[in-house]
Amino acid sequence: MNAVLGVSGSIAAYRAADLARELMRAGFTVRVCLTDAAQEFVSVALFEALTGQPCLIDTFDEPERGRMAHIDWARAADVVVVAPATANTLNRLAAGVGDDMLTTLCLASTRPLVLAPAMNPQMYLHEATQASLALLEERGAVIVEPLEGDVACGESGQGKLASIPEIVAAVLETVSVSTVLKGKKVVITSGPTREPIDDVRYITNRSSGKMGSALARAALRLGADVTVVAGPQTARFPSGVSVLRVETAQEMHDLALTAAKGADYIVGAAAVADYHVANRTSGKLRRTAENLELVLSPNPDIIAALAAANPGATVIGFAAEPTSDLSVAQAKLKRKGLFAIAANDVSQAGQGFDTDTNKLDLVFADGRSVSSEMMSKNQCARWFWDQILKES
Ligand code: C5P
C-alpha cells in the first residue's frame, strides 16, 4: 500500500521521521511531500534516506520527465496523511487552495485524508482553524486530535502532535474497511442536556460530548449505520454519522426512543441532566432582592427507557463516578436493565468530563469487568467496541 506523508512547518516536523518509519513498518511505501516551511525544520535528505523514495517539494518538480508528479502521486496513494498539519496548511486545505505541492496533491486526491494538527494552542483554538477542521471532517477527513500539554513556544494547552501509534492506528483504520458492524444499526446519546430556567438561562453540565463523538467515529469505521442523538455539545462528528440535535432531556428521550427502533446497539454516553426546572418562566426572570426558588423535577431515565423498549438490542450505559469502586456502576447496570456499563472514575485527572483522555472499566451484567489503559477518547472508543463485540 502507498501512503503520501505531507509534512508542514511545525516544530513537530521532526516527529514525522518516526511516523514515516512506523508507516513503513506497517507495510506502506511512504512518499514524503514537504512544504517550504517544513524544510526550515527538517530536510529532504532525511526523508529520502529514510523512505528510499524521492521527496516532492515543488509543484513543478517532475522526477519523471513529462509526468505530473502531483497527479501521479495522488493517484497512486491509498491514503494521504498530513502530520504535522499546521493551521496554515489546514486552512489552505479547507479553502481548496493549491499553492504548493502538498495542497495541490491533496486537491488532486480522491483518497482518504488523515490530518494530525500540531500548533500553538491559540492557533488551534482560533475560529478559522476550528472552522477549517469542522469543514474538513465534514468532507470526510479523519482528524487525529492534538494533545494537551506544554508546547514548544512555552504555552500550555491543546496543540501537541498526537502520539505516533495513535496516528498510525488512525491511518490503518482509515485504509482497512472493516465490516464487523456492517448492516448493524448503532444509536448513541451524546453530550450534555440543557434544562431552561427561563428563555435565556439554563442548567447544564461539563460534558463536551467527546466520548460520544469518539464512539460514533469508531462504530462508523467498523461499518455500522450510526445515529447520534446529541445535546448541545462542542465535539464534532465525522461525516457519515447521522446527528439529531436536541436540547433538553425530554427531547433527547423522545427522539432517542424513535431513533432507536430496530437498533442492534444502543449506547448512552450522554450526561443527561437528572432534573428539569418545573417552574420554568417564559421571557427573562428579573433580579429582585428576594430569594429565587427553582423547583427541580426528575427527568426520565433515557437509557433505562431505551433498554425497556428495545429488548433485542445490546444496550450499554456510561457511569461517571467519583470513585474506583465498581459496585455503584454495577447497581446502575441492574437498575437500568443494561447489557454492560462503562464506568470511569472522574475523581482522577485525565478521565471523564471535557478531557481528551479516558480510562474505562467495562462492567457486564454477570459481574465480570475489564479495564482499559488511560488513552485518548478515540482509542478508548475503539477498545470499547472491541470488548462489546467480543461479548455480545
Ligand atoms: O444514573 P446515572 O446518570 O449515573 O447513569 C448514567 C447512565 O445513564 C449514562 O449512560 C447516561 O447516559 C444514562 N442516563 C440517561 N438518562 C438519565 C440519566 C442518565 O440515559 N436521565
# chains A, B, ... in the order shown; residues from 1 in each chain; ligands from 1
$ residues_around --residues "Thr204 (chain A)" --least-positions-apart "2" --cutoff "12 Å" --atoms "only C-alpha atoms" --output "ChimeraX atom specification"
/A:191-197,201-202,206-208,231-233,247-249,270-277
$ residues_around --residues "Ser178 (chain A)" --least-positions-apart "3" --cutoff "12 Å" --atoms "only C-alpha atoms" --output "PDB file with N, CA and C atoms, in the first residue's frame"
ATOM      1  N   LEU A 172      -4.279   3.178   9.632  1.00  0.00           N
ATOM      2  CA  LEU A 172      -4.614   1.776   9.354  1.00  0.00           C
ATOM      3  C   LEU A 172      -6.119   1.569   9.327  1.00  0.00           C
ATOM      4  N   GLU A 173      -6.800   2.203  10.278  1.00  0.00           N
ATOM      5  CA  GLU A 173      -8.261   2.051  10.303  1.00  0.00           C
ATOM      6  C   GLU A 173      -8.909   2.682   9.090  1.00  0.00           C
ATOM      7  N   THR A 174      -8.325   3.801   8.650  1.00  0.00           N
ATOM      8  CA  THR A 174      -8.900   4.503   7.517  1.00  0.00           C
ATOM      9  C   THR A 174      -8.797   3.675   6.242  1.00  0.00           C
ATOM     10  N   VAL A 175      -7.661   2.985   6.075  1.00  0.00           N
ATOM     11  CA  VAL A 175      -7.496   2.232   4.826  1.00  0.00           C
ATOM     12  C   VAL A 175      -8.136   0.845   4.888  1.00  0.00           C
ATOM     13  N   LEU A 181     -19.311  -4.384  11.857  1.00  0.00           N
ATOM     14  CA  LEU A 181     -20.619  -3.822  12.228  1.00  0.00           C
ATOM     15  C   LEU A 181     -21.450  -3.474  10.988  1.00  0.00           C
ATOM     16  N   LYS A 182     -21.054  -4.040   9.855  1.00  0.00           N
ATOM     17  CA  LYS A 182     -21.793  -3.730   8.616  1.00  0.00           C
ATOM     18  C   LYS A 182     -23.236  -4.219   8.733  1.00  0.00           C
ATOM     19  N   GLY A 183     -24.172  -3.357   8.342  1.00  0.00           N
ATOM     20  CA  GLY A 183     -25.586  -3.727   8.405  1.00  0.00           C
ATOM     21  C   GLY A 183     -26.170  -3.589   9.803  1.00  0.00           C
ATOM     22  N   ALA A 218     -15.757   5.552  15.914  1.00  0.00           N
ATOM     23  CA  ALA A 218     -15.227   4.181  15.924  1.00  0.00           C
ATOM     24  C   ALA A 218     -16.255   3.214  15.328  1.00  0.00           C
ATOM     25  N   ALA A 219     -17.537   3.393  15.659  1.00  0.00           N
ATOM     26  CA  ALA A 219     -18.573   2.490  15.127  1.00  0.00           C
ATOM     27  C   ALA A 219     -18.692   2.660  13.606  1.00  0.00           C
ATOM     28  N   LEU A 220     -18.586   3.910  13.154  1.00  0.00           N
ATOM     29  CA  LEU A 220     -18.666   4.194  11.719  1.00  0.00           C
ATOM     30  C   LEU A 220     -17.550   3.472  10.970  1.00  0.00           C
ATOM     31  N   ARG A 221     -16.353   3.506  11.565  1.00  0.00           N
ATOM     32  CA  ARG A 221     -15.209   2.860  10.912  1.00  0.00           C
ATOM     33  C   ARG A 221     -15.310   1.350  10.931  1.00  0.00           C
ATOM     34  N   LEU A 222     -16.169   0.819  11.792  1.00  0.00           N
ATOM     35  CA  LEU A 222     -16.388  -0.635  11.790  1.00  0.00           C
ATOM     36  C   LEU A 222     -17.523  -1.006  10.842  1.00  0.00           C
ATOM     37  N   GLY A 223     -18.036  -0.015  10.134  1.00  0.00           N
ATOM     38  CA  GLY A 223     -19.027  -0.291   9.096  1.00  0.00           C
ATOM     39  C   GLY A 223     -20.470  -0.097   9.524  1.00  0.00           C
ATOM     40  N   ALA A 224     -20.700   0.381  10.772  1.00  0.00           N
ATOM     41  CA  ALA A 224     -22.080   0.499  11.274  1.00  0.00           C
ATOM     42  C   ALA A 224     -22.817   1.676  10.649  1.00  0.00           C
TER      43      ALA A 224
END
$ residues_around --residues "Thr355 (chain A)" --least-positions-apart "2" --cutoff "9 Å" --atoms "only C-alpha atoms" --output "PyMOL selection string"
chain A and resi 208+210+349-353+357-358+376-377
$ write_last_selection --atoms "C-alpha atoms" --output "PDB file, in the first residue's frame"
ATOM      1  CA  SER A 208     -18.164  18.094  25.934  1.00  0.00           C
ATOM      2  CA  LYS A 210     -16.076  13.973  23.087  1.00  0.00           C
ATOM      3  CA  ALA A 349      -7.084  13.607  36.428  1.00  0.00           C
ATOM      4  CA  GLY A 350      -7.412  12.978  32.691  1.00  0.00           C
ATOM      5  CA  GLN A 351     -10.625  10.954  32.921  1.00  0.00           C
ATOM      6  CA  GLY A 352     -14.210  11.851  32.240  1.00  0.00           C
ATOM      7  CA  PHE A 353     -15.738  15.244  31.565  1.00  0.00           C
ATOM      8  CA  THR A 357      -8.276  11.067  27.529  1.00  0.00           C
ATOM      9  CA  ASN A 358     -10.231   8.458  29.423  1.00  0.00           C
ATOM     10  CA  SER A 376      -7.236   9.079  24.054  1.00  0.00           C
ATOM     11  CA  LYS A 377     -11.034   9.007  23.838  1.00  0.00           C
TER      12      LYS A 377
END
$ residues_around --residues "region 131-139 of chain A" --least-positions-apart "6" --cutoff "7 Å" --atoms "only C-alpha atoms" --output "list in words"
Leu90, Asn91, Ala94, Arg236, Pro238 and Ser239 of chain A
$ closest_atom_pairs --of "chain A" --to "ligand 1" --cutoff "7 Å" --atoms "only C-alpha atoms and all ligand atoms" --output "JSON lines"
{"residue": "A:Thr189", "atom": "CA", "partner": "ligand 1", "partner_atom_place_in_ligand_line": "12 (O)", "distance": 6.6}
{"residue": "A:Ala249", "atom": "CA", "partner": "ligand 1", "partner_atom_place_in_ligand_line": "21 (N)", "distance": 6.8}
{"residue": "A:Val267", "atom": "CA", "partner": "ligand 1", "partner_atom_place_in_ligand_line": "10 (O)", "distance": 7.0}
{"residue": "A:Gly268", "atom": "CA", "partner": "ligand 1", "partner_atom_place_in_ligand_line": "10 (O)", "distance": 3.9}
{"residue": "A:Ala269", "atom": "CA", "partner": "ligand 1", "partner_atom_place_in_ligand_line": "12 (O)", "distance": 4.6}
{"residue": "A:Ala270", "atom": "CA", "partner": "ligand 1", "partner_atom_place_in_ligand_line": "12 (O)", "distance": 4.1}
{"residue": "A:Ala271", "atom": "CA", "partner": "ligand 1", "partner_atom_place_in_ligand_line": "12 (O)", "distance": 5.2}
{"residue": "A:Val272", "atom": "CA", "partner": "ligand 1", "partner_atom_place_in_ligand_line": "18 (C)", "distance": 4.8}
{"residue": "A:Ala273", "atom": "CA", "partner": "ligand 1", "partner_atom_place_in_ligand_line": "21 (N)", "distance": 6.1}
{"residue": "A:Asp274", "atom": "CA", "partner": "ligand 1", "partner_atom_place_in_ligand_line": "21 (N)", "distance": 5.0}
{"residue": "A:Asn299", "atom": "CA", "partner": "ligand 1", "partner_atom_place_in_ligand_line": "21 (N)", "distance": 5.3}
{"residue": "A:Pro300", "atom": "CA", "partner": "ligand 1", "partner_atom_place_in_ligand_line": "21 (N)", "distance": 5.0}
{"residue": "A:Asp301", "atom": "CA", "partner": "ligand 1", "partner_atom_place_in_ligand_line": "21 (N)", "distance": 3.6}
{"residue": "A:Ile302", "atom": "CA", "partner": "ligand 1", "partner_atom_place_in_ligand_line": "20 (O)", "distance": 3.5}
{"residue": "A:Ile303", "atom": "CA", "partner": "ligand 1", "partner_atom_place_in_ligand_line": "20 (O)", "distance": 3.7}
{"residue": "A:Ala304", "atom": "CA", "partner": "ligand 1", "partner_atom_place_in_ligand_line": "20 (O)", "distance": 6.4}
{"residue": "A:Ile316", "atom": "CA", "partner": "ligand 1", "partner_atom_place_in_ligand_line": "10 (O)", "distance": 6.9}
{"residue": "A:Gly317", "atom": "CA", "partner": "ligand 1", "partner_atom_place_in_ligand_line": "10 (O)", "distance": 3.4}
{"residue": "A:Phe318", "atom": "CA", "partner": "ligand 1", "partner_atom_place_in_ligand_line": "10 (O)", "distance": 3.7}
{"residue": "A:Ala319", "atom": "CA", "partner": "ligand 1", "partner_atom_place_in_ligand_line": "6 (C)", "distance": 4.5}
{"residue": "A:Ala320", "atom": "CA", "partner": "ligand 1", "partner_atom_place_in_ligand_line": "4 (O)", "distance": 6.4}
{"residue": "A:Lys332", "atom": "CA", "partner": "ligand 1", "partner_atom_place_in_ligand_line": "1 (O)", "distance": 6.3}
$ write_last_selection --atoms "N, CA and C atoms" --output "PDB file, in the first residue's frame"
ATOM      1  N   THR A 189     -26.506   8.177  22.501  1.00  0.00           N
ATOM      2  CA  THR A 189     -26.837   9.503  23.044  1.00  0.00           C
ATOM      3  C   THR A 189     -25.516  10.143  23.469  1.00  0.00           C
ATOM      4  N   ALA A 249     -33.466  17.036  28.195  1.00  0.00           N
ATOM      5  CA  ALA A 249     -33.503  15.584  28.413  1.00  0.00           C
ATOM      6  C   ALA A 249     -34.788  14.993  27.841  1.00  0.00           C
ATOM      7  N   VAL A 267     -26.053   2.997  22.861  1.00  0.00           N
ATOM      8  CA  VAL A 267     -25.066   3.411  23.866  1.00  0.00           C
ATOM      9  C   VAL A 267     -25.492   4.746  24.473  1.00  0.00           C
ATOM     10  N   GLY A 268     -25.565   4.792  25.769  1.00  0.00           N
ATOM     11  CA  GLY A 268     -25.928   6.034  26.474  1.00  0.00           C
ATOM     12  C   GLY A 268     -24.682   6.732  26.971  1.00  0.00           C
ATOM     13  N   ALA A 269     -24.094   7.563  26.108  1.00  0.00           N
ATOM     14  CA  ALA A 269     -22.894   8.293  26.525  1.00  0.00           C
ATOM     15  C   ALA A 269     -23.247   9.710  26.957  1.00  0.00           C
ATOM     16  N   ALA A 270     -24.527  10.071  26.854  1.00  0.00           N
ATOM     17  CA  ALA A 270     -24.915  11.443  27.213  1.00  0.00           C
ATOM     18  C   ALA A 270     -24.854  11.650  28.721  1.00  0.00           C
ATOM     19  N   ALA A 271     -24.490  12.857  29.111  1.00  0.00           N
ATOM     20  CA  ALA A 271     -24.568  13.256  30.522  1.00  0.00           C
ATOM     21  C   ALA A 271     -25.906  13.967  30.676  1.00  0.00           C
ATOM     22  N   VAL A 272     -26.922  13.177  30.904  1.00  0.00           N
ATOM     23  CA  VAL A 272     -28.290  13.716  30.936  1.00  0.00           C
ATOM     24  C   VAL A 272     -28.512  14.431  32.267  1.00  0.00           C
ATOM     25  N   ALA A 273     -29.101  15.625  32.209  1.00  0.00           N
ATOM     26  CA  ALA A 273     -29.425  16.328  33.465  1.00  0.00           C
ATOM     27  C   ALA A 273     -30.460  15.494  34.207  1.00  0.00           C
ATOM     28  N   ASP A 274     -30.248  15.314  35.491  1.00  0.00           N
ATOM     29  CA  ASP A 274     -31.175  14.462  36.256  1.00  0.00           C
ATOM     30  C   ASP A 274     -32.508  15.159  36.506  1.00  0.00           C
ATOM     31  N   ASN A 299     -35.961  14.041  35.558  1.00  0.00           N
ATOM     32  CA  ASN A 299     -36.088  13.753  34.124  1.00  0.00           C
ATOM     33  C   ASN A 299     -36.270  12.259  33.925  1.00  0.00           C
ATOM     34  N   PRO A 300     -36.789  11.853  32.780  1.00  0.00           N
ATOM     35  CA  PRO A 300     -36.878  10.414  32.518  1.00  0.00           C
ATOM     36  C   PRO A 300     -35.478   9.817  32.407  1.00  0.00           C
ATOM     37  N   ASP A 301     -35.323   8.565  32.795  1.00  0.00           N
ATOM     38  CA  ASP A 301     -34.054   7.862  32.610  1.00  0.00           C
ATOM     39  C   ASP A 301     -34.055   7.316  31.181  1.00  0.00           C
ATOM     40  N   ILE A 302     -33.308   7.985  30.319  1.00  0.00           N
ATOM     41  CA  ILE A 302     -33.376   7.694  28.881  1.00  0.00           C
ATOM     42  C   ILE A 302     -32.865   6.293  28.569  1.00  0.00           C
ATOM     43  N   ILE A 303     -31.695   5.961  29.095  1.00  0.00           N
ATOM     44  CA  ILE A 303     -31.100   4.661  28.725  1.00  0.00           C
ATOM     45  C   ILE A 303     -31.946   3.509  29.282  1.00  0.00           C
ATOM     46  N   ALA A 304     -32.551   3.710  30.458  1.00  0.00           N
ATOM     47  CA  ALA A 304     -33.426   2.666  31.023  1.00  0.00           C
ATOM     48  C   ALA A 304     -34.649   2.493  30.120  1.00  0.00           C
ATOM     49  N   ILE A 316     -25.836  -0.367  26.285  1.00  0.00           N
ATOM     50  CA  ILE A 316     -24.693  -0.107  27.174  1.00  0.00           C
ATOM     51  C   ILE A 316     -24.782   1.320  27.693  1.00  0.00           C
ATOM     52  N   GLY A 317     -24.590   1.481  28.995  1.00  0.00           N
ATOM     53  CA  GLY A 317     -24.604   2.811  29.586  1.00  0.00           C
ATOM     54  C   GLY A 317     -23.213   3.254  29.994  1.00  0.00           C
ATOM     55  N   PHE A 318     -23.106   4.481  30.422  1.00  0.00           N
ATOM     56  CA  PHE A 318     -21.864   5.013  30.980  1.00  0.00           C
ATOM     57  C   PHE A 318     -22.143   5.457  32.409  1.00  0.00           C
ATOM     58  N   ALA A 319     -21.153   5.396  33.251  1.00  0.00           N
ATOM     59  CA  ALA A 319     -21.338   5.858  34.628  1.00  0.00           C
ATOM     60  C   ALA A 319     -20.096   6.629  35.053  1.00  0.00           C
ATOM     61  N   ALA A 320     -20.253   7.940  35.178  1.00  0.00           N
ATOM     62  CA  ALA A 320     -19.152   8.768  35.667  1.00  0.00           C
ATOM     63  C   ALA A 320     -19.262   8.783  37.184  1.00  0.00           C
ATOM     64  N   LYS A 332     -26.199   0.348  39.005  1.00  0.00           N
ATOM     65  CA  LYS A 332     -26.870   1.135  37.942  1.00  0.00           C
ATOM     66  C   LYS A 332     -27.232   0.246  36.763  1.00  0.00           C
TER      67      LYS A 332
END
$ closest_residue --among "A:Ile57, A:Ile143, A:Leu338, A:Ala69" --to "Val81 (chain A)" --atoms "only C-alpha atoms"
A:Ile143
$ select_by_dssp --residues "region 87-175 of chain A" --states "strand (DSSP E or B)" --output "PyMOL selection string"
chain A and resi 113-117+142-143+147-150+156-160
$ write_last_selection --atoms "N, CA and C atoms" --output "PDB file, in the first residue's frame"
ATOM      1  N   LEU A 113      -8.083  11.120   3.643  1.00  0.00           N
ATOM      2  CA  LEU A 113      -7.131  12.115   4.131  1.00  0.00           C
ATOM      3  C   LEU A 113      -7.112  12.060   5.655  1.00  0.00           C
ATOM      4  N   VAL A 114      -5.918  11.833   6.216  1.00  0.00           N
ATOM      5  CA  VAL A 114      -5.770  11.810   7.682  1.00  0.00           C
ATOM      6  C   VAL A 114      -4.955  13.034   8.079  1.00  0.00           C
ATOM      7  N   LEU A 115      -5.474  13.833   8.991  1.00  0.00           N
ATOM      8  CA  LEU A 115      -4.809  15.073   9.370  1.00  0.00           C
ATOM      9  C   LEU A 115      -4.467  15.052  10.853  1.00  0.00           C
ATOM     10  N   ALA A 116      -3.203  15.286  11.167  1.00  0.00           N
ATOM     11  CA  ALA A 116      -2.790  15.335  12.578  1.00  0.00           C
ATOM     12  C   ALA A 116      -2.273  16.746  12.876  1.00  0.00           C
ATOM     13  N   PRO A 117      -3.147  17.622  13.393  1.00  0.00           N
ATOM     14  CA  PRO A 117      -2.734  19.003  13.634  1.00  0.00           C
ATOM     15  C   PRO A 117      -1.672  19.114  14.730  1.00  0.00           C
ATOM     16  N   VAL A 142     -10.132  12.451   8.301  1.00  0.00           N
ATOM     17  CA  VAL A 142     -10.035  11.906   9.663  1.00  0.00           C
ATOM     18  C   VAL A 142      -9.070  12.801  10.435  1.00  0.00           C
ATOM     19  N   ILE A 143      -9.546  13.354  11.530  1.00  0.00           N
ATOM     20  CA  ILE A 143      -8.689  14.262  12.311  1.00  0.00           C
ATOM     21  C   ILE A 143      -8.144  13.495  13.515  1.00  0.00           C
ATOM     22  N   LEU A 147      -2.810  16.768  21.314  1.00  0.00           N
ATOM     23  CA  LEU A 147      -2.910  16.522  22.762  1.00  0.00           C
ATOM     24  C   LEU A 147      -2.724  17.815  23.544  1.00  0.00           C
ATOM     25  N   GLU A 148      -3.176  17.793  24.774  1.00  0.00           N
ATOM     26  CA  GLU A 148      -2.959  18.900  25.704  1.00  0.00           C
ATOM     27  C   GLU A 148      -1.549  18.769  26.272  1.00  0.00           C
ATOM     28  N   GLY A 149      -0.946  19.874  26.607  1.00  0.00           N
ATOM     29  CA  GLY A 149       0.347  19.794  27.297  1.00  0.00           C
ATOM     30  C   GLY A 149       1.151  21.051  27.053  1.00  0.00           C
ATOM     31  N   ASP A 150       2.436  21.005  27.437  1.00  0.00           N
ATOM     32  CA  ASP A 150       3.320  22.151  27.212  1.00  0.00           C
ATOM     33  C   ASP A 150       3.796  22.076  25.781  1.00  0.00           C
ATOM     34  N   SER A 156       0.851  26.438  27.328  1.00  0.00           N
ATOM     35  CA  SER A 156       0.292  25.132  27.647  1.00  0.00           C
ATOM     36  C   SER A 156      -1.122  25.082  27.102  1.00  0.00           C
ATOM     37  N   GLY A 157      -1.522  23.958  26.566  1.00  0.00           N
ATOM     38  CA  GLY A 157      -2.874  23.826  26.006  1.00  0.00           C
ATOM     39  C   GLY A 157      -2.890  22.749  24.952  1.00  0.00           C
ATOM     40  N   GLN A 158      -3.981  22.704  24.179  1.00  0.00           N
ATOM     41  CA  GLN A 158      -4.103  21.660  23.163  1.00  0.00           C
ATOM     42  C   GLN A 158      -3.363  22.085  21.901  1.00  0.00           C
ATOM     43  N   GLY A 159      -2.450  21.271  21.452  1.00  0.00           N
ATOM     44  CA  GLY A 159      -1.695  21.648  20.254  1.00  0.00           C
ATOM     45  C   GLY A 159      -0.524  20.723  19.968  1.00  0.00           C
ATOM     46  N   LYS A 160      -0.243  19.795  20.896  1.00  0.00           N
ATOM     47  CA  LYS A 160       0.879  18.868  20.658  1.00  0.00           C
ATOM     48  C   LYS A 160       0.455  17.783  19.681  1.00  0.00           C
TER      49      LYS A 160
END
$ closest_atom_pairs --of "region 309-330 of chain A" --to "region 254-262 of chain A" --cutoff "9 Å" --atoms "only C-alpha atoms" --output "CSV"
residue,atom,partner,partner_atom,distance
A:Ala309,CA,A:Leu257,CA,7.7
A:Asn310,CA,A:Lys261,CA,7.2
A:Gly312,CA,A:Gly262,CA,8.2
A:Ala313,CA,A:Gly262,CA,7.8
$ closest_residue --among "A:Val177, A:Leu294, A:Ala95, A:Leu333" --to "Ile203 (chain A)" --atoms "only C-alpha atoms"
A:Leu294
$ closest_residue --among "A:Arg31, A:Lys336, A:Arg92, A:His70" --to "Ala49 (chain A)" --atoms "only C-alpha atoms"
A:Arg31
$ closest_residue --among "A:Ser324, A:Gln330, A:Pro84, A:Met24" --to "Ser163 (chain A)" --atoms "only C-alpha atoms"
A:Pro84
$ residues_around --residues "Ser43 (chain A)" --least-positions-apart "3" --cutoff "12 Å" --atoms "only C-alpha atoms" --output "list of chain:residue names"
A:Val7, A:Ser8, A:Gly9, A:Ala13, A:Tyr14, A:Ala16, A:Ala17, A:Val32, A:Cys33, A:Leu34, A:Thr35, A:Asp36, A:Ala37, A:Ala38, A:Gln39, A:Glu40, A:Leu46, A:Phe47, A:Glu48, A:Ala49, A:Leu50, A:Cys55, A:Leu56, A:Ile57
$ closest_residue --among "A:Glu321, A:Asn205, A:Trp73, A:Pro311" --to "Gln348 (chain A)" --atoms "only C-alpha atoms"
A:Glu321
